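Here the structure is laid out as structure tokens; the discussion comes afterwards.
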Amino acid sequence: MTPTGPDPTAGADVLVTPPAPPPVATAAPERAAPERAGPERAGPDPEAAALLDGARTRVDPELRRCVGTLPGQLRRIARYHFGWEDAEGTPTDGNAGKAVRPALVLAAARALGGRPEDAVRAAAAVELAHNFTLLHDDVMDRDATRRHRPTVWAEFGDADAILTGDALAALAQRELVEDAHPAAPRAAARLAACVIELCAGQQSDTAMERRAPDEVTLDECLATAEAKTGALLGCACALGALYAGAGEEQVAALDAFGRQAGLAFQLIDDVIGIWGDPRHTGKPAGADLLARKKSLPVVAALGSGTAAGAELAALYRVPARSADPGDLERTVLAVEAAGGRDWAQHQAADRMGRAVQLLARALPGPEAAGELLSLAEFVTRRSA
């Protein structure tokens, strides 16, 4: 829900001060991180859109082949989750997601002189792992809507959603184990380590939800976001580097680049979770606030030392089921007035600046960095 009326931050004593973005490396000056990011930004630029479409075109057939090997009901549920069928099994033209992670795998391979077509199975493995996390996260968060229709647990039940997620995680590993590419064993080990980190991040996230609003710190939230979101984007870039035959130093640098871009992604995702347009997000307005989630803008606002931050803490202490109908709008206004939105947007720009610098050091020249930078910038310009 986007607040209307006077600027709620006018005259507020906002103490959550975002750090200034670091200077962008001179190797790629045309890719400086945007000063402000979030739902009001435009969609992906033509280059990023073409990269995402190209990745989906390359990877979708492999994803469909993998999912087609699942038995019976698991196959049906997975096809529903990916948007290929409706709940009755009728083929649809549904949205299967943005393909950011597969696109990063292919772009990283190309940036380091590899052949993207050799990394398609690795890209599919990353996308399968990502969707395993979505299925489980929706159950844990009780999110009933994704991509403009009921989530799997809401349509088929918790057990089917969890088991289908487990099957996708197994498919992700099988994709790499069965790949004849010489980098596949190292890629499989790296993806397995990433999935463990993802699980640890999700465990930390769910544990924080049980704590009082004033007991959660920004450092904890940023560490959790890196584990939950940054780790898989970093892994995607690292797998692309491995499939290009890169050495460990370049692989580590690409992983670090992806992690910083992933933090920017999560920051903007949290902004969208509060202020995004449901017509674009496919989720109800303010769903994260109604669930009392301690997202990054919320925790920044809670720690601002402002009157609005104190009001937000009081609102968050009231269970959503007991809240008044007008509390959602008051909560949105309190997060913004306490500086949570501005902090998250500037922090996303800062993380993008760091990502650009890491990439400039890892690649031979600015031309090689173009595709990866387009994809990284997309995460801070998206609206859903």
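Starting from 1 in every chain, residues are counted up; chains themselves are A, B, ... following the order of the structure tokens, and ligands are numbered from 1 as listed.
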Checklist entry - Hey, what's within 7 Å of Phe257 in chain A if we count only C-alpha atoms and toss same-chain stuff fewer than 6 positions away? As a VMD selection string, please? => result chain A and resid 234 355 358 to 359
Limited to N, CA, C and O atoms, could you put the picked residues into a file as a tab-separated table (two decimals), in the first residue's frame?
```
chain	number	residue	atom	x	y	z
A	234	GLY	N	25.11	-15.48	-5.42
A	234	GLY	CA	26.55	-15.69	-5.48
A	234	GLY	C	26.91	-17.04	-6.05
A	234	GLY	O	27.83	-17.17	-6.87
A	355	ALA	N	29.14	-4.27	-5.44
A	355	ALA	CA	29.11	-5.33	-6.44
A	355	ALA	C	29.86	-4.92	-7.70
A	355	ALA	O	30.63	-5.70	-8.28
A	358	LEU	N	33.62	-5.11	-7.10
A	358	LEU	CA	34.08	-6.50	-7.09
A	358	LEU	C	34.19	-7.05	-8.50
A	358	LEU	O	35.16	-7.74	-8.85
A	359	LEU	N	33.20	-6.73	-9.32
A	359	LEU	CA	33.20	-7.26	-10.68
A	359	LEU	C	34.33	-6.64	-11.51
A	359	LEU	O	34.97	-7.33	-12.31
```
Next on the checklist: I want to know what sits within 6 Å of range 327-336 of chain A, based on only C-alpha atoms, with residues of the same chain fewer than 6 positions away left out; could you give that as a ChimeraX atom specification?
Outcome noted: /A:298,301,308,312
Next on the checklist: List as number ranges by chain the protein and nucleic acid residues near Leu375 in chain A, meaning an atom at most 8 Å away when only C-alpha atoms are counted, but skip any in the same chain fewer than 6 places from it.
Outcome noted: A: 48, 51, 100, 103-104
Checklist entry - Among range 146-351 of chain A, which residues carry a DSSP assignment of helix (DSSP H, G or I), reported as a VMD selection string? => result chain A and resid 152 to 156 158 to 177 184 to 209 213 to 215 218 to 243 248 to 275 278 to 281 287 to 290 296 to 302 307 to 316 320 to 322 327 to 337 340 to 351
Checklist entry - Just how far from CA of Leu239 in chain A is CA of Ala183 in chain A, in Å to one decimal? => result 8.4 Å
Next on the checklist: Could you tell me how far CA of Arg321 in chain A sits from CA of Ile274 in chain A, in Å to one decimal place?
Outcome noted: 18.2 Å
Checklist entry - Pick from A:Ala285, A:Pro213, A:Ala99, A:Arg146: nearest to Val318 in chain A, with only C-alpha atoms counted? => result A:Pro213
Item to check | Gap from CA of Ser322 in chain A to CA of Asp288 in chain A - Å, one decimal | outcome: 16.0 Å
Item to check | Nearest-residue call for Asp350 in chain A, choices A:Val271, A:Ala314, A:His181, A:Ala264, using only C-alpha atoms | outcome: A:Ala264
Checklist entry - Which residue, A:Glu377, A:Glu178, A:Asp205, A:Glu367, has the smallest gap to Ile268 in chain A when you use only C-alpha atoms? => result A:Glu377
